[in-house]
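This is entry38.cif. It holds mmCIF, C-alpha atoms.
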```cif
data_input
loop_
_atom_site.label_atom_id
_atom_site.label_comp_id
_atom_site.auth_asym_id
_atom_site.auth_seq_id
_atom_site.Cartn_x
_atom_site.Cartn_y
_atom_site.Cartn_z
CA MET C 90 0.00 0.00 0.00
CA MET C 91 2.60 2.59 0.98
CA GLU C 92 6.12 2.28 -0.31
CA ASN C 93 7.97 4.66 1.94
CA ASN C 94 7.89 6.83 4.98
CA SER C 95 6.83 10.05 3.29
CA GLU C 96 3.72 8.29 1.91
CA CYS C 97 3.21 6.96 5.42
CA ILE C 98 3.26 10.44 6.90
CA ASN C 99 0.96 11.67 4.12
CA ALA C 100 -1.57 9.06 5.15
CA LEU C 101 -1.06 9.24 8.91
CA LEU C 102 -2.00 12.91 9.23
CA PRO C 103 -5.35 12.88 7.36
CA VAL C 104 -6.36 9.47 8.73
CA GLY C 105 -5.50 10.77 12.18
CA ASP C 106 -7.62 13.88 11.51
CA ALA C 107 -10.55 11.71 10.45
CA LEU C 108 -10.20 9.41 13.44
CA ASP C 109 -10.08 12.42 15.78
CA VAL C 110 -13.58 13.29 14.58
CA ILE C 111 -15.26 9.93 14.23
CA SER C 112 -13.25 7.43 16.25
CA GLY C 113 -14.62 5.52 19.17
CA LYS C 114 -17.34 2.94 19.14
CA TRP C 115 -20.41 5.11 18.95
CA LYS C 116 -20.26 8.09 16.61
CA LEU C 117 -20.74 6.27 13.34
CA LEU C 118 -23.45 4.07 14.84
CA ILE C 119 -25.30 7.17 16.02
CA LEU C 120 -25.08 8.71 12.55
CA ILE C 121 -26.40 5.49 11.01
CA SER C 122 -29.30 5.49 13.45
CA ILE C 123 -30.20 9.13 12.80
CA SER C 124 -29.89 8.74 9.03
CA SER C 125 -32.27 5.78 9.28
CA GLY C 126 -35.01 7.92 10.77
CA ASN C 127 -34.35 7.90 14.51
CA HIS C 128 -34.46 11.60 15.43
CA ARG C 129 -35.37 11.68 19.09
CA PHE C 130 -32.91 10.88 21.89
CA THR C 131 -34.86 7.86 23.13
CA ASP C 132 -35.28 6.45 19.63
CA ILE C 133 -31.56 6.76 18.96
CA GLU C 134 -30.70 5.28 22.34
CA ARG C 135 -33.05 2.31 21.83
CA SER C 136 -31.64 1.57 18.35
CA ILE C 137 -28.03 1.17 19.49
CA PRO C 138 -27.35 -1.84 21.74
CA LYS C 139 -25.40 -1.16 24.97
CA ILE C 140 -25.13 2.61 24.61
CA SER C 141 -25.91 4.53 27.80
CA ALA C 142 -27.85 7.79 27.91
CA LYS C 143 -24.80 9.54 29.37
CA VAL C 144 -22.53 8.39 26.55
CA LEU C 145 -25.16 9.16 23.90
CA SER C 146 -25.58 12.66 25.25
CA LYS C 147 -21.80 13.32 25.14
CA GLU C 148 -21.42 11.86 21.64
CA LEU C 149 -24.37 13.89 20.30
CA LYS C 150 -22.75 17.10 21.60
CA GLU C 151 -19.44 16.23 19.90
CA LEU C 152 -21.15 15.32 16.63
CA GLU C 153 -23.05 18.60 16.74
CA ALA C 154 -19.79 20.51 17.37
CA HIS C 155 -18.35 18.89 14.23
CA THR C 156 -21.49 19.89 12.28
CA LEU C 157 -22.17 16.21 11.64
CA ILE C 158 -25.67 16.49 13.11
CA LYS C 159 -28.14 19.29 13.71
CA ARG C 160 -30.10 19.69 16.93
CA THR C 161 -33.48 21.39 16.60
CA VAL C 162 -35.63 22.40 19.59
CA TYR C 163 -39.36 22.60 18.89
CA ASP C 164 -40.93 25.09 21.27
CA GLN C 165 -44.03 23.17 22.16
CA SER C 166 -45.25 21.43 25.29
CA PRO C 167 -43.58 19.17 26.08
CA VAL C 168 -40.51 20.54 24.29
CA LEU C 169 -39.43 18.32 21.38
CA ILE C 170 -35.75 17.98 20.46
CA LYS C 171 -34.83 16.40 17.16
CA TYR C 172 -31.46 15.36 15.78
CA THR C 173 -31.01 15.28 12.02
CA ILE C 174 -28.11 14.65 9.71
CA THR C 175 -26.45 17.48 7.78
CA PRO C 176 -25.09 17.55 4.23
CA TYR C 177 -21.67 17.08 5.81
CA THR C 178 -22.77 13.79 7.36
CA GLU C 179 -23.19 12.36 3.87
CA THR C 180 -19.47 12.79 3.19
CA LEU C 181 -18.97 9.97 5.73
CA TYR C 182 -21.13 7.46 3.88
CA PRO C 183 -18.25 5.98 1.83
CA ILE C 184 -16.39 5.25 5.10
CA ILE C 185 -19.50 3.76 6.69
CA GLU C 186 -20.11 1.60 3.62
CA GLU C 187 -16.51 0.28 3.61
CA LEU C 188 -16.80 -0.46 7.34
CA ARG C 189 -20.11 -2.26 6.73
CA LEU C 190 -18.61 -4.45 3.99
CA TRP C 191 -15.52 -5.17 6.10
CA GLY C 192 -17.66 -6.01 9.13
CA LEU C 193 -19.79 -8.42 7.10
CA ASN C 194 -16.68 -10.16 5.82
CA HIS C 195 -15.00 -10.16 9.22
CA ARG C 196 -17.97 -11.95 10.77
CA LYS C 197 -17.63 -14.68 8.10
CA VAL C 198 -13.87 -14.91 8.75
CA ILE C 199 -14.42 -15.21 12.51
CA THR C 200 -17.43 -17.54 12.44
CA GLY C 201 -16.38 -19.45 9.35
CA LYS C 202 -19.95 -19.07 8.04
CA MET R 196 -28.60 6.60 2.88
CA MET R 197 -30.86 4.28 4.86
CA GLU R 198 -34.59 4.50 4.35
CA ASN R 199 -35.83 2.51 7.31
CA ASN R 200 -35.04 0.84 10.56
CA SER R 201 -34.32 -2.61 9.19
CA GLU R 202 -31.66 -1.16 6.88
CA CYS R 203 -30.36 0.67 9.93
CA ILE R 204 -30.02 -2.54 11.89
CA ASN R 205 -28.40 -4.21 8.87
CA ALA R 206 -25.73 -1.54 8.87
CA LEU R 207 -25.36 -1.14 12.64
CA LEU R 208 -24.28 -4.73 13.26
CA PRO R 209 -21.47 -5.06 10.69
CA VAL R 210 -20.23 -1.48 11.25
CA GLY R 211 -20.25 -2.25 14.97
CA ASP R 212 -18.29 -5.44 14.29
CA ALA R 213 -15.71 -3.52 12.26
CA LEU R 214 -15.40 -0.78 14.87
CA ASP R 215 -14.91 -3.40 17.61
CA VAL R 216 -11.78 -4.50 15.77
CA ILE R 217 -10.30 -1.27 14.52
CA SER R 218 -11.81 1.54 16.55
CA GLY R 219 -9.82 3.85 18.73
CA LYS R 220 -7.25 6.37 17.65
CA TRP R 221 -4.26 4.14 17.10
CA LYS R 222 -4.89 0.82 15.36
CA LEU R 223 -5.23 2.10 11.82
CA LEU R 224 -2.29 4.47 12.28
CA ILE R 225 -0.15 1.55 13.46
CA LEU R 226 -1.16 -0.49 10.42
CA ILE R 227 -0.29 2.43 8.13
CA SER R 228 3.10 2.75 9.80
CA ILE R 229 3.89 -0.97 9.53
CA SER R 230 2.69 -1.16 5.91
CA SER R 231 5.02 1.77 5.14
CA GLY R 232 8.07 -0.17 6.27
CA ASN R 233 8.30 0.43 10.01
CA HIS R 234 8.69 -3.08 11.43
CA ARG R 235 10.43 -2.60 14.75
CA PHE R 236 8.68 -1.35 17.89
CA THR R 237 10.81 1.80 18.15
CA ASP R 238 10.38 2.64 14.49
CA ILE R 239 6.59 2.31 14.74
CA GLU R 240 6.53 4.31 17.97
CA ARG R 241 8.65 7.11 16.47
CA SER R 242 6.45 7.32 13.35
CA ILE R 243 3.18 7.97 15.23
CA PRO R 244 2.98 11.30 17.09
CA LYS R 245 1.87 11.17 20.74
CA ILE R 246 1.59 7.37 21.04
CA SER R 247 3.11 5.96 24.23
CA ALA R 248 5.10 2.73 24.39
CA LYS R 249 2.51 1.28 26.77
CA VAL R 250 -0.38 2.02 24.40
CA LEU R 251 1.57 0.81 21.36
CA SER R 252 2.37 -2.45 23.11
CA LYS R 253 -1.32 -3.05 23.97
CA GLU R 254 -2.54 -2.14 20.49
CA LEU R 255 0.06 -4.41 18.82
CA LYS R 256 -1.15 -7.34 20.95
CA GLU R 257 -4.78 -6.69 19.96
CA LEU R 258 -3.90 -6.32 16.27
CA GLU R 259 -1.96 -9.59 16.42
CA ALA R 260 -4.95 -11.32 18.08
CA HIS R 261 -7.13 -10.17 15.17
CA THR R 262 -4.49 -11.52 12.69
CA LEU R 263 -4.06 -7.99 11.38
CA ILE R 264 -0.31 -8.11 12.02
CA LYS R 265 2.28 -10.82 12.43
CA ARG R 266 4.94 -10.75 15.13
CA THR R 267 8.18 -12.54 14.30
CA VAL R 268 10.99 -13.12 16.82
CA TYR R 269 14.45 -13.51 15.32
CA ASP R 270 16.60 -15.62 17.64
CA GLN R 271 19.78 -13.63 17.47
CA SER R 272 21.66 -11.45 19.91
CA PRO R 273 20.16 -9.08 20.72
CA VAL R 274 16.78 -10.65 19.92
CA LEU R 275 15.03 -8.88 17.03
CA ILE R 276 11.23 -8.63 16.95
CA LYS R 277 9.55 -7.56 13.75
CA TYR R 278 5.92 -6.67 13.05
CA THR R 279 4.60 -7.16 9.55
CA ILE R 280 1.24 -6.85 7.89
CA THR R 281 -0.78 -9.91 6.86
CA PRO R 282 -2.94 -10.51 3.80
CA TYR R 283 -5.92 -9.74 6.04
CA THR R 284 -4.52 -6.26 6.75
CA GLU R 285 -4.95 -5.39 3.10
CA THR R 286 -8.72 -5.84 3.37
CA LEU R 287 -8.67 -2.67 5.50
CA TYR R 288 -7.04 -0.52 2.83
CA PRO R 289 -10.36 0.69 1.31
CA ILE R 290 -11.41 1.94 4.77
CA ILE R 291 -8.03 3.61 5.32
CA GLU R 292 -8.21 5.27 1.91
CA GLU R 293 -11.72 6.62 2.53
CA LEU R 294 -10.59 7.92 5.93
CA ARG R 295 -7.55 9.54 4.30
CA LEU R 296 -9.68 11.31 1.69
CA TRP R 297 -12.21 12.41 4.32
CA GLY R 298 -9.44 13.66 6.60
CA LEU R 299 -7.88 15.69 3.78
CA ASN R 300 -11.24 17.28 3.03
CA HIS R 301 -12.08 17.82 6.68
CA ARG R 302 -8.87 19.77 7.20
CA LYS R 303 -9.90 22.08 4.29
CA VAL R 304 -13.39 22.48 5.76
CA ILE R 305 -11.99 23.32 9.20
CA THR R 306 -9.12 25.57 8.09
CA GLY R 307 -10.91 27.01 5.06
CA LYS R 308 -7.76 26.34 3.01
#
```
How does the structure come out when it is put into structure tokens?
Amino acid sequence: MMENNSECINALLPVGDALDVISGKWKLLILISISSGNHRFTDIERSIPKISAKVLSKELKELEAHTLIKRTVYDQSPVLIKYTITPYTETLYPIIEELRLWGLNHRKVITGK
Amino acid sequence: MMENNSECINALLPVGDALDVISGKWKLLILISISSGNHRFTDIERSIPKISAKVLSKELKELEAHTLIKRTVYDQSPVLIKYTITPYTETLYPIIEELRLWGLNHRKVITGK
């Protein structure tokens, strides 16, 4: 893949930048959930196994700071808060798709099925 | 990207599987470093900014357990230990490339340059 150290450095920096934004177990899963139609906190939480409300709340704030989701407060009673994807979220879809394909294959490699 | 919840679940599981293996800040950077010709612990450590020896040691063990790297001990004096990529590592290259492209773009978005 990379012949020498300068190519290595050229890849390390941008991959590191990308990982700074989306790394960790939850961010991409949250984006998948929201882009599938889960817009309220409880819906998102319910759709992702093992995520806690505390972690989800922190991750949503970070995703919002990176303009990867939009948080809209509807001034009604009770107040409704909705999370939606942004055009910028869609730039992540190629990564998500490659991860999905790799994950499918990895499960076959691990389970032999 | 995903119209409904079943598609969401279909993506969540494999993406979750992939992230279980490669998530975190360091694993992909380590693989990039090794595939660029850094095979000894100190060379890998030196090539990745801010990684500690303790973290690198833990991550190398996990990568080896997932057959994403191979550890070879050369019985000489002093003993030489080399880390190399495996054929399975190469299945990650599409993900690394998409992350690289996204990271390059993200830096432009953030810096405006």
One decimal place gives the CA of Ile204 (chain R)-CA of Val198 (chain C) separation as 20.6 Å
Please superimpose chain C on chain R using every C-alpha atom, paired by order, in a least-squares fit, and write the moved chain as a PDB file with C-alpha atoms, in the coordinates of the input.
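Output file out.pdb is given in full below:
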```pdb
ATOM      1  CA  MET C  90     -28.632   6.644   2.890  1.00  0.00           C
ATOM      2  CA  MET C  91     -30.883   4.284   4.836  1.00  0.00           C
ATOM      3  CA  GLU C  92     -34.612   4.456   4.372  1.00  0.00           C
ATOM      4  CA  ASN C  93     -35.841   2.485   7.331  1.00  0.00           C
ATOM      5  CA  ASN C  94     -35.014   0.807  10.564  1.00  0.00           C
ATOM      6  CA  SER C  95     -34.319  -2.654   9.189  1.00  0.00           C
ATOM      7  CA  GLU C  96     -31.650  -1.184   6.867  1.00  0.00           C
ATOM      8  CA  CYS C  97     -30.359   0.660   9.914  1.00  0.00           C
ATOM      9  CA  ILE C  98     -29.998  -2.549  11.881  1.00  0.00           C
ATOM     10  CA  ASN C  99     -28.389  -4.234   8.864  1.00  0.00           C
ATOM     11  CA  ALA C 100     -25.737  -1.544   8.861  1.00  0.00           C
ATOM     12  CA  LEU C 101     -25.351  -1.134  12.617  1.00  0.00           C
ATOM     13  CA  LEU C 102     -24.295  -4.728  13.269  1.00  0.00           C
ATOM     14  CA  PRO C 103     -21.475  -5.047  10.687  1.00  0.00           C
ATOM     15  CA  VAL C 104     -20.236  -1.486  11.242  1.00  0.00           C
ATOM     16  CA  GLY C 105     -20.243  -2.224  14.955  1.00  0.00           C
ATOM     17  CA  ASP C 106     -18.281  -5.438  14.295  1.00  0.00           C
ATOM     18  CA  ALA C 107     -15.720  -3.511  12.259  1.00  0.00           C
ATOM     19  CA  LEU C 108     -15.404  -0.773  14.858  1.00  0.00           C
ATOM     20  CA  ASP C 109     -14.919  -3.385  17.596  1.00  0.00           C
ATOM     21  CA  VAL C 110     -11.781  -4.493  15.760  1.00  0.00           C
ATOM     22  CA  ILE C 111     -10.291  -1.258  14.515  1.00  0.00           C
ATOM     23  CA  SER C 112     -11.819   1.560  16.539  1.00  0.00           C
ATOM     24  CA  GLY C 113      -9.840   3.870  18.729  1.00  0.00           C
ATOM     25  CA  LYS C 114      -7.250   6.365  17.668  1.00  0.00           C
ATOM     26  CA  TRP C 115      -4.270   4.136  17.102  1.00  0.00           C
ATOM     27  CA  LYS C 116      -4.908   0.835  15.349  1.00  0.00           C
ATOM     28  CA  LEU C 117      -5.238   2.121  11.817  1.00  0.00           C
ATOM     29  CA  LEU C 118      -2.294   4.476  12.286  1.00  0.00           C
ATOM     30  CA  ILE C 119      -0.163   1.560  13.464  1.00  0.00           C
ATOM     31  CA  LEU C 120      -1.159  -0.490  10.420  1.00  0.00           C
ATOM     32  CA  ILE C 121      -0.294   2.430   8.139  1.00  0.00           C
ATOM     33  CA  SER C 122       3.095   2.752   9.804  1.00  0.00           C
ATOM     34  CA  ILE C 123       3.885  -0.961   9.529  1.00  0.00           C
ATOM     35  CA  SER C 124       2.696  -1.149   5.922  1.00  0.00           C
ATOM     36  CA  SER C 125       5.014   1.770   5.151  1.00  0.00           C
ATOM     37  CA  GLY C 126       8.065  -0.165   6.271  1.00  0.00           C
ATOM     38  CA  ASN C 127       8.296   0.441  10.013  1.00  0.00           C
ATOM     39  CA  HIS C 128       8.686  -3.074  11.439  1.00  0.00           C
ATOM     40  CA  ARG C 129      10.427  -2.607  14.753  1.00  0.00           C
ATOM     41  CA  PHE C 130       8.675  -1.342  17.893  1.00  0.00           C
ATOM     42  CA  THR C 131      10.804   1.797  18.163  1.00  0.00           C
ATOM     43  CA  ASP C 132      10.369   2.644  14.488  1.00  0.00           C
ATOM     44  CA  ILE C 133       6.602   2.303  14.761  1.00  0.00           C
ATOM     45  CA  GLU C 134       6.528   4.301  17.980  1.00  0.00           C
ATOM     46  CA  ARG C 135       8.639   7.113  16.485  1.00  0.00           C
ATOM     47  CA  SER C 136       6.442   7.335  13.359  1.00  0.00           C
ATOM     48  CA  ILE C 137       3.192   7.972  15.235  1.00  0.00           C
ATOM     49  CA  PRO C 138       3.001  11.304  17.092  1.00  0.00           C
ATOM     50  CA  LYS C 139       1.872  11.164  20.753  1.00  0.00           C
ATOM     51  CA  ILE C 140       1.595   7.389  21.050  1.00  0.00           C
ATOM     52  CA  SER C 141       3.133   5.969  24.226  1.00  0.00           C
ATOM     53  CA  ALA C 142       5.105   2.729  24.379  1.00  0.00           C
ATOM     54  CA  LYS C 143       2.513   1.281  26.762  1.00  0.00           C
ATOM     55  CA  VAL C 144      -0.374   2.025  24.408  1.00  0.00           C
ATOM     56  CA  LEU C 145       1.578   0.809  21.368  1.00  0.00           C
ATOM     57  CA  SER C 146       2.366  -2.449  23.104  1.00  0.00           C
ATOM     58  CA  LYS C 147      -1.322  -3.049  23.983  1.00  0.00           C
ATOM     59  CA  GLU C 148      -2.536  -2.138  20.487  1.00  0.00           C
ATOM     60  CA  LEU C 149       0.056  -4.403  18.823  1.00  0.00           C
ATOM     61  CA  LYS C 150      -1.156  -7.345  20.944  1.00  0.00           C
ATOM     62  CA  GLU C 151      -4.787  -6.686  19.951  1.00  0.00           C
ATOM     63  CA  LEU C 152      -3.905  -6.321  16.272  1.00  0.00           C
ATOM     64  CA  GLU C 153      -1.972  -9.580  16.438  1.00  0.00           C
ATOM     65  CA  ALA C 154      -4.959 -11.310  18.098  1.00  0.00           C
ATOM     66  CA  HIS C 155      -7.122 -10.166  15.170  1.00  0.00           C
ATOM     67  CA  THR C 156      -4.507 -11.511  12.719  1.00  0.00           C
ATOM     68  CA  LEU C 157      -4.063  -7.987  11.379  1.00  0.00           C
ATOM     69  CA  ILE C 158      -0.312  -8.101  12.016  1.00  0.00           C
ATOM     70  CA  LYS C 159       2.281 -10.820  12.446  1.00  0.00           C
ATOM     71  CA  ARG C 160       4.946 -10.756  15.141  1.00  0.00           C
ATOM     72  CA  THR C 161       8.186 -12.549  14.296  1.00  0.00           C
ATOM     73  CA  VAL C 162      10.993 -13.126  16.820  1.00  0.00           C
ATOM     74  CA  TYR C 163      14.459 -13.500  15.308  1.00  0.00           C
ATOM     75  CA  ASP C 164      16.587 -15.622  17.609  1.00  0.00           C
ATOM     76  CA  GLN C 165      19.773 -13.645  17.444  1.00  0.00           C
ATOM     77  CA  SER C 166      21.659 -11.468  19.897  1.00  0.00           C
ATOM     78  CA  PRO C 167      20.178  -9.083  20.698  1.00  0.00           C
ATOM     79  CA  VAL C 168      16.801 -10.655  19.907  1.00  0.00           C
ATOM     80  CA  LEU C 169      15.030  -8.890  17.024  1.00  0.00           C
ATOM     81  CA  ILE C 170      11.232  -8.628  16.948  1.00  0.00           C
ATOM     82  CA  LYS C 171       9.538  -7.557  13.751  1.00  0.00           C
ATOM     83  CA  TYR C 172       5.920  -6.680  13.054  1.00  0.00           C
ATOM     84  CA  THR C 173       4.603  -7.171   9.537  1.00  0.00           C
ATOM     85  CA  ILE C 174       1.232  -6.851   7.899  1.00  0.00           C
ATOM     86  CA  THR C 175      -0.780  -9.913   6.869  1.00  0.00           C
ATOM     87  CA  PRO C 176      -2.930 -10.503   3.789  1.00  0.00           C
ATOM     88  CA  TYR C 177      -5.895  -9.733   6.033  1.00  0.00           C
ATOM     89  CA  THR C 178      -4.524  -6.265   6.758  1.00  0.00           C
ATOM     90  CA  GLU C 179      -4.957  -5.396   3.089  1.00  0.00           C
ATOM     91  CA  THR C 180      -8.724  -5.858   3.371  1.00  0.00           C
ATOM     92  CA  LEU C 181      -8.669  -2.672   5.493  1.00  0.00           C
ATOM     93  CA  TYR C 182      -7.047  -0.516   2.827  1.00  0.00           C
ATOM     94  CA  PRO C 183     -10.353   0.684   1.304  1.00  0.00           C
ATOM     95  CA  ILE C 184     -11.411   1.942   4.765  1.00  0.00           C
ATOM     96  CA  ILE C 185      -8.043   3.601   5.337  1.00  0.00           C
ATOM     97  CA  GLU C 186      -8.207   5.252   1.914  1.00  0.00           C
ATOM     98  CA  GLU C 187     -11.733   6.620   2.543  1.00  0.00           C
ATOM     99  CA  LEU C 188     -10.593   7.920   5.942  1.00  0.00           C
ATOM    100  CA  ARG C 189      -7.551   9.544   4.307  1.00  0.00           C
ATOM    101  CA  LEU C 190      -9.689  11.313   1.690  1.00  0.00           C
ATOM    102  CA  TRP C 191     -12.214  12.406   4.327  1.00  0.00           C
ATOM    103  CA  GLY C 192      -9.441  13.662   6.607  1.00  0.00           C
ATOM    104  CA  LEU C 193      -7.889  15.692   3.790  1.00  0.00           C
ATOM    105  CA  ASN C 194     -11.243  17.271   3.020  1.00  0.00           C
ATOM    106  CA  HIS C 195     -12.082  17.825   6.677  1.00  0.00           C
ATOM    107  CA  ARG C 196      -8.866  19.777   7.196  1.00  0.00           C
ATOM    108  CA  LYS C 197      -9.870  22.070   4.292  1.00  0.00           C
ATOM    109  CA  VAL C 198     -13.378  22.466   5.759  1.00  0.00           C
ATOM    110  CA  ILE C 199     -11.970  23.330   9.194  1.00  0.00           C
ATOM    111  CA  THR C 200      -9.103  25.566   8.066  1.00  0.00           C
ATOM    112  CA  GLY C 201     -10.880  26.997   5.051  1.00  0.00           C
ATOM    113  CA  LYS C 202      -7.709  26.355   3.018  1.00  0.00           C
TER     114      LYS C 202
END
```
To one decimal in Å, tell me the separation between CA of Pro244 (chain R) and CA of Ile276 (chain R).
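The value is 21.6 Å.
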Quick one, how far is CA of Ile123 (chain C) from CA of Ile174 (chain C)?
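Between these atoms lies a distance of 6.7 Å.
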Mind listing whatever residues come within 10 Å of the point (8.4, -0.5, 8.3)? Use only C-alpha atoms, file coordinates, and give them as a PyMOL selection string.
(chain C and resi 91-94+97) or (chain R and resi 226-236+238-239+242+277-280)
Please produce, as JSON lines, a per-residue contact table for chain R versus chain C (criterion: any atom at most 8 Å away, only C-alpha atoms considered), showing the nearest atom pair and its distance in Å to one decimal, sorted by chain then residue number.
```
{"residue": "R:Met196", "atom": "CA", "partner": "C:Ser124", "partner_atom": "CA", "distance": 6.6}
{"residue": "R:Met197", "atom": "CA", "partner": "C:Ser125", "partner_atom": "CA", "distance": 4.9}
{"residue": "R:Glu198", "atom": "CA", "partner": "C:Ser125", "partner_atom": "CA", "distance": 5.6}
{"residue": "R:Asn199", "atom": "CA", "partner": "C:Ser125", "partner_atom": "CA", "distance": 5.2}
{"residue": "R:Asn200", "atom": "CA", "partner": "C:Ser125", "partner_atom": "CA", "distance": 5.8}
{"residue": "R:Glu202", "atom": "CA", "partner": "C:Ser125", "partner_atom": "CA", "distance": 7.4}
{"residue": "R:Cys203", "atom": "CA", "partner": "C:Ser125", "partner_atom": "CA", "distance": 5.5}
{"residue": "R:Ile204", "atom": "CA", "partner": "C:Ser136", "partner_atom": "CA", "distance": 7.8}
{"residue": "R:Ala206", "atom": "CA", "partner": "C:Arg189", "partner_atom": "CA", "distance": 6.1}
{"residue": "R:Leu207", "atom": "CA", "partner": "C:Leu118", "partner_atom": "CA", "distance": 6.0}
{"residue": "R:Leu208", "atom": "CA", "partner": "C:Gly192", "partner_atom": "CA", "distance": 7.9}
{"residue": "R:Pro209", "atom": "CA", "partner": "C:Gly192", "partner_atom": "CA", "distance": 4.2}
{"residue": "R:Val210", "atom": "CA", "partner": "C:Arg189", "partner_atom": "CA", "distance": 4.6}
{"residue": "R:Gly211", "atom": "CA", "partner": "C:Leu118", "partner_atom": "CA", "distance": 7.1}
{"residue": "R:Asp212", "atom": "CA", "partner": "C:Gly192", "partner_atom": "CA", "distance": 5.2}
{"residue": "R:Ala213", "atom": "CA", "partner": "C:Gly192", "partner_atom": "CA", "distance": 4.4}
{"residue": "R:Leu214", "atom": "CA", "partner": "C:Lys114", "partner_atom": "CA", "distance": 6.0}
{"residue": "R:Asp215", "atom": "CA", "partner": "C:Lys114", "partner_atom": "CA", "distance": 7.0}
{"residue": "R:Ser218", "atom": "CA", "partner": "C:Gly113", "partner_atom": "CA", "distance": 5.5}
{"residue": "R:Gly219", "atom": "CA", "partner": "C:Gly113", "partner_atom": "CA", "distance": 5.1}
{"residue": "R:Lys220", "atom": "CA", "partner": "C:Leu108", "partner_atom": "CA", "distance": 6.0}
{"residue": "R:Leu224", "atom": "CA", "partner": "C:Leu101", "partner_atom": "CA", "distance": 6.0}
{"residue": "R:Ile227", "atom": "CA", "partner": "C:Cys97", "partner_atom": "CA", "distance": 6.3}
{"residue": "R:Ser228", "atom": "CA", "partner": "C:Cys97", "partner_atom": "CA", "distance": 6.1}
{"residue": "R:Ser230", "atom": "CA", "partner": "C:Met91", "partner_atom": "CA", "distance": 6.2}
{"residue": "R:Ser231", "atom": "CA", "partner": "C:Met91", "partner_atom": "CA", "distance": 4.9}
{"residue": "R:Gly232", "atom": "CA", "partner": "C:Asn93", "partner_atom": "CA", "distance": 6.5}
{"residue": "R:Ser242", "atom": "CA", "partner": "C:Ile98", "partner_atom": "CA", "distance": 7.8}
{"residue": "R:Ile243", "atom": "CA", "partner": "C:Leu101", "partner_atom": "CA", "distance": 7.7}
{"residue": "R:Glu285", "atom": "CA", "partner": "C:Met90", "partner_atom": "CA", "distance": 7.9}
{"residue": "R:Thr286", "atom": "CA", "partner": "C:Trp191", "partner_atom": "CA", "distance": 7.4}
{"residue": "R:Leu287", "atom": "CA", "partner": "C:Trp191", "partner_atom": "CA", "distance": 7.3}
{"residue": "R:Tyr288", "atom": "CA", "partner": "C:Met90", "partner_atom": "CA", "distance": 7.6}
{"residue": "R:Pro289", "atom": "CA", "partner": "C:Glu187", "partner_atom": "CA", "distance": 6.6}
{"residue": "R:Ile290", "atom": "CA", "partner": "C:Glu187", "partner_atom": "CA", "distance": 5.5}
{"residue": "R:Ile291", "atom": "CA", "partner": "C:Val104", "partner_atom": "CA", "distance": 7.0}
{"residue": "R:Glu293", "atom": "CA", "partner": "C:Ile184", "partner_atom": "CA", "distance": 5.5}
{"residue": "R:Leu294", "atom": "CA", "partner": "C:Val104", "partner_atom": "CA", "distance": 5.3}
{"residue": "R:Arg295", "atom": "CA", "partner": "C:Val104", "partner_atom": "CA", "distance": 4.6}
{"residue": "R:Leu296", "atom": "CA", "partner": "C:Pro103", "partner_atom": "CA", "distance": 7.3}
{"residue": "R:Trp297", "atom": "CA", "partner": "C:Ala107", "partner_atom": "CA", "distance": 6.4}
{"residue": "R:Gly298", "atom": "CA", "partner": "C:Pro103", "partner_atom": "CA", "distance": 4.2}
{"residue": "R:Leu299", "atom": "CA", "partner": "C:Pro103", "partner_atom": "CA", "distance": 5.2}
{"residue": "R:His301", "atom": "CA", "partner": "C:Ala107", "partner_atom": "CA", "distance": 7.3}
{"residue": "R:Arg302", "atom": "CA", "partner": "C:Asp106", "partner_atom": "CA", "distance": 7.4}
```
